Every structure is written in structure tokens, then in C-alpha cells.
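Asks: I'd like to ask you about the structure that follows.
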Amino acid sequence: MMKSLRGAKPARRDRTPPIKQVPNPIGRSPVSVVEILTMAIEALWSNKLRTMLTMLGIVIGITAVIAVTAIGQGTQKSTEQRLQSLGTDILQVQSGAARSGGVRQGSGTATTLTLEDAQAIRQQVLGVARVSAVLQQTAQVVYGQNNDSLTIIGTDINYPDVRNTHPQTGRFFSQDELDAAASVAVLGPTARNELLGAENRAEGAQIRIQGQTYDVVGVMETKGTQGPQNPDEQIYIPLTNMSARLVGNNAVKGLAVRGIYVKAKSQDQLDAAEYQITNLLRVRHGIFPEKGDVDDFRLSNSADIIETLTSTSKLLTVMVVAIAAISLIVGGIGIANIMLVSVVERTREIGIRKAIGATSTAILSQFLAEAVVIAALGGMIGIGLGVAIAFAAANLFAFPVVISLWSIGLGFGLTFVIGLVAGVIPARNAAHLDPIAALRSD
């Protein structure tokens, strides 16, 4: 047995040197986020023009969203401030609507309110601080060689306090001038500039309204546009003078007016005053709703007007932002198209990377990163442009700058999501390429 063992040939030893295991940084080690972003930025930088054109849709969309939102909120804030400057405790009573050829005209076209109605409201309605009756008409106004069509307001001495608008220079007409139907006028600042010029003194000048001469006694302070009206373009004269010399239509029961402004003692008493005024005017005008009679007047309060304008402005802003957001979708489609083209152009590169060990996850991550980087850069540029446009528009049109953080966050979040979604299909196609087929690609 021992002999047989000695005679046995020793086992052959394998002299082939062992293979050294070299770690593969692409395939075996996880690729860091920094490396992925670096490769994505390098790939995008190598095609700068294509990258810029791809970003254009995102830039336009985000710019539109930020700018439109800021401008919409700025104009809304400006409108609210101007209406609140006139008072949030104001009730407006308008005369009824006339009919012409069977067609109902707008409120204020019929002579259903009188100066006596305004006096009754002031004397009998609790919670009322001041009352002002008005007549309104558009007329040709002449000063020297200047001829303009302006709104003439015939009113009483309570108007400045009720409407919270007072003379900036000069004075308002007095009770004696109102009683005497004096031919005096107070100009709005824009009306003064158009007729007399900003450099000329208004007090003492004489203007002609529909051929009648009026002495200018003051200029009102600037208020700006409030809804459909601009007080700065109006001219104020005594109600009695306007009724006698310009309008010439007296109601059967007294001096006809087109509207009555009522200032409540506080905003809390506004609803009660509105209810009492409605009942008082129904009694005075012989209106019985239980018999089917319809009111020949209409009431509105400043709080309702502010709320209506605010809700309308918000709705318009949302609609415009929604339209602007469509360009973000177009931008996302553009990113998807360019990334698909990029996958086709870089097929051989993808094959080489996969051949040396790059995983499908690494390829997927890089192409997703490229799409997200394009969208993020476009979003940042769009946010900057949108904010710049908002500031420029605010300075140009004189309204407050309102930049909402939610609009910036929403815009940037949308760009990130769009970039991610737009890059999914191209990145997936790149990750699933067969390395052999990719290497054979030209």
C-alpha cells in the first residue's frame, strides 16, 4: 500500500496566475448624485444651443405664470385700496331703469329719485351719518382752445365727506352757492390737466360747460380709477345749477336726481340702513311688493362691490394662469422630444458604458437628471424674468407689487415634475438598450 503511494505521480498544480478583481466604478460601485449631475451638465453643455431651445418653453411658461399672477394680484390690491379709500360704509341708491322701444335701459336712466328722497333718508333712517344726492351727465367742456368731453357731477356740499374725496387746492362750493344755483365748478386733477394744463393755476379760471360759463374754485385730490369710473376726470358743480341749466328735467314730486350716496355711522349698521332705506323708499314711491310691484330703485353697498370686484379679479387671474400653464405642458413635450433625439444620437455611447459595466439604473439616472436639470434651469430663469416683469409693470401702471411665494413654489414644483415626467420614457429607452446592438449602431 505504501509502495503504491510512493509510486503515484503528484497532482498537477495550476500555474495560471489568479485574475485580479478590479472594482468597476460604474457598474459595481454606486454612482453618487454629484457624479450623475456632473455628467448630465457636461452632456447638456456640449449641446448648448439645443439645451437653450429646449428650455425656452419652460422659461416662457414659468415667466407667464409668475408675471400674470403678480400683476393680477397687484391690480386687485390696488382696486381694493382705491375702493376702500372711498369708504366701506357707503350705500348707493340708484334710480330705476327707463324703457326705450320695449328694451330696459341701465339703472339710473329713469328719474325715479328726488332730492326730497335724499332728505327723507337723512332725517328718518337711523344709523345714517351723511347723505349726498347726485346728478351725472357727460358734456362738452371748453377752456380757450381746449375742448373735451368730460363727466359732470351735480351734487351738494356733503359729497366730499360721503365719498371721502376733498379739494387738494382751492375749495368746494358752499351751501349758499348751492342754494343760489351758482355757476361754480371744482375740477378733478385729470380734468384740470386736460383743460388748463398742469402748470396753470385753476382757481379763478373760467370754463364753459355746454355753453354756460362757470368759475373754477378748486381742484380735487387724486383718487384714480374706481371700477368703471375715474373721479379724476370729473367736474363737480352745484346740484341745483345742474338741474336748472344743464339737465332741465325736474320730477313731478321735486328735483330729480340719478343717485343718492348714503354714509352709515359704521360698517356694522350698513345692512340695517339698507333695509330701512328700502322700506322708506317703497312707502314714499307707493310700491307694494305683496301686490307684485317692482322697486323703481336699486341699492348696492361698497362692501358688496369690493367683494364682487375681488372675486372677479381672482377668477380672471386663475383663468389666465391656467392658459399660461399650457405652455409648461408644451415645454415638457419639447423636453421629451429632445431627450428622445438625444438617446438616438448617443446610442453608441450608451453601448460603450453598458459594455464596461454601467447598470441600467445608472443610465436611467443620468438621462432623468438631464431632463430635470433642463426644467430646473428653465424654471429659475422663468422665475427671474417673471419677477422682473411684475416689478416693471407695477412701476409703469402704478399698482402694488405682490409676489406670492406660493406662485413661485408652484411654478418651480411644476417644472421639476414636468422635467421628471418628460424624461421618464427617454431615460427608460436608454436604460433598456442592448449593449451589443448599441455598439453596432452608427
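Residues are named by chain letter and number: chains run A, B, ... in the order of the C-alpha cells, numbers start at 1 in each chain, and ligands are numbered from 1 in the order shown.
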Env of Gly411 (chain A): 9 Å cut, atoms = only C-alpha atoms, seq-sep filter 5 positions within chain, self excluded. Answer as a PyMOL selection string.

Replies: chain A and resi 61-63+65-66+325+379+382-383+406+416

Asks: I need the residues in region 209-262 of chain A that are strand (DSSP E or B) according to DSSP; give them as a ChimeraX atom specification.

Replies: /A:209,212-220,226,229,234-238,251,254,256-257,259-262

Asks: Counting only C-alpha atoms, which of A:Gly96, A:Gly154, A:Gly72, A:Gly254 gets nearest to Gln119 (chain A)?

Replies: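 For Gln119 (chain A), the nearest of the candidates is A:Gly254.
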
Asks: Report, in Å with one decimal, the straight-line distance from CA of Leu299 (chain A) to CA of Asn241 (chain A).

Replies: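 Going from CA of Leu299 (chain A) over to CA of Asn241 (chain A), I get 26.1 Å.
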
Asks: Go through region 384-405 of chain A residue by residue and, counting only C-alpha atoms, keep those with an atom at most 12 Å from region 354-378 of chain A; for each kept residue give the shortest atom pair and its distance in Å to one decimal, ordered by chain and increasing number, as a Markdown table.

Replies:
| residue | atom | partner | partner_atom | distance |
| --- | --- | --- | --- | --- |
| A:Gly384 | CA | A:Gly378 | CA | 10.0 |
| A:Leu385 | CA | A:Gly378 | CA | 10.5 |
| A:Gly386 | CA | A:Gly378 | CA | 11.9 |

Asks: Could you tell me how far CA of Thr51 (chain A) sits from CA of Ser407 (chain A), in Å to one decimal place?

Replies: 25.3 Å

Asks: Find the spatial neighbours of Leu150 (chain A), counting only C-alpha atoms, within a cut-off of 7 Å - ignore same-chain residues fewer than 2 positions away - and output them as a PDB file with N, CA and C atoms, in the first residue's frame.

Replies:
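part.pdb written:
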ATOM      1  N   THR A 138     -72.552 113.483 -19.178  1.00  0.00           N
ATOM      2  CA  THR A 138     -71.370 113.788 -19.973  1.00  0.00           C
ATOM      3  C   THR A 138     -71.653 115.011 -20.826  1.00  0.00           C
ATOM      4  N   ALA A 139     -70.713 115.968 -20.832  1.00  0.00           N
ATOM      5  CA  ALA A 139     -70.929 117.217 -21.562  1.00  0.00           C
ATOM      6  C   ALA A 139     -69.607 117.712 -22.141  1.00  0.00           C
ATOM      7  N   GLN A 140     -69.716 118.586 -23.134  1.00  0.00           N
ATOM      8  CA  GLN A 140     -68.541 119.215 -23.738  1.00  0.00           C
ATOM      9  C   GLN A 140     -68.092 120.388 -22.865  1.00  0.00           C
ATOM     10  N   VAL A 141     -66.809 120.386 -22.537  1.00  0.00           N
ATOM     11  CA  VAL A 141     -66.236 121.418 -21.680  1.00  0.00           C
ATOM     12  C   VAL A 141     -65.159 122.141 -22.484  1.00  0.00           C
ATOM     13  N   ASP A 148     -63.066 119.309 -24.547  1.00  0.00           N
ATOM     14  CA  ASP A 148     -63.032 117.909 -24.137  1.00  0.00           C
ATOM     15  C   ASP A 148     -64.407 117.470 -23.655  1.00  0.00           C
ATOM     16  N   ILE A 152     -69.811 115.402 -15.857  1.00  0.00           N
ATOM     17  CA  ILE A 152     -70.201 116.477 -14.947  1.00  0.00           C
ATOM     18  C   ILE A 152     -71.022 115.865 -13.813  1.00  0.00           C
ATOM     19  N   GLU A 233     -61.307 112.541 -13.613  1.00  0.00           N
ATOM     20  CA  GLU A 233     -61.721 113.135 -14.880  1.00  0.00           C
ATOM     21  C   GLU A 233     -63.071 113.859 -14.773  1.00  0.00           C
ATOM     22  N   GLN A 234     -63.589 114.005 -13.566  1.00  0.00           N
ATOM     23  CA  GLN A 234     -64.918 114.583 -13.387  1.00  0.00           C
ATOM     24  C   GLN A 234     -64.839 116.054 -12.999  1.00  0.00           C
TER      25      GLN A 234
END

Asks: Between A:Ile260, A:Ala64, A:Ile207, A:Ile335, which residue has the minimum interatomic distance to Ala120 (chain A), considering only C-alpha atoms?

Replies: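 For Ala120 (chain A), the nearest of the given residues is A:Ile260.
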
Asks: Kindly indicate which residue among A:Gln206, A:Asn230, A:Gln276, A:Ser302 lies nearest to Gly127 (chain A), using only C-alpha atoms for the distances.

Replies: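 Once distances to Gly127 (chain A) are computed over only C-alpha atoms, the minimum belongs to A:Gln276.
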
Asks: May I have all residues of region 167-408 of chain A that DSSP, computed from the backbone, assigns to alpha helix (DSSP H), given as a ChimeraX atom specification?

Replies: /A:175-179,189-195,239-241,270-285,302-345,347-355,360-397,405-408

Asks: Between A:Glu290, A:Ser183, A:Ala256, A:Gly224, which one has atoms that come closest to Thr112 (chain A), using only C-alpha atoms?

Replies: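 Closest to Thr112 (chain A) of all the choices is A:Ala256.
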
Asks: Of the residues A:Val421, A:Ala70, A:His285, A:Thr165, which is the one nearest to Ile389 (chain A), using only C-alpha atoms?

Replies: A:Ala70

Asks: Ranking A:Met319, A:Leu49, A:Ile60, A:Val128 by minimum distance to Ala273 (chain A) and counting only C-alpha atoms, which one comes first?

Replies: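 Between A:Met319, A:Leu49, A:Ile60, A:Val128, the residue approaching Ala273 (chain A) most closely is A:Val128.
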
Asks: Tell me, as a PyMOL selection string, which residues lie within 12 Å of Asn47 (chain A), counting only C-alpha atoms; anything in the same chain fewer than 3 positions away does not count.

Replies: chain A and resi 40-44+50-54+338-339+342+345+370+374
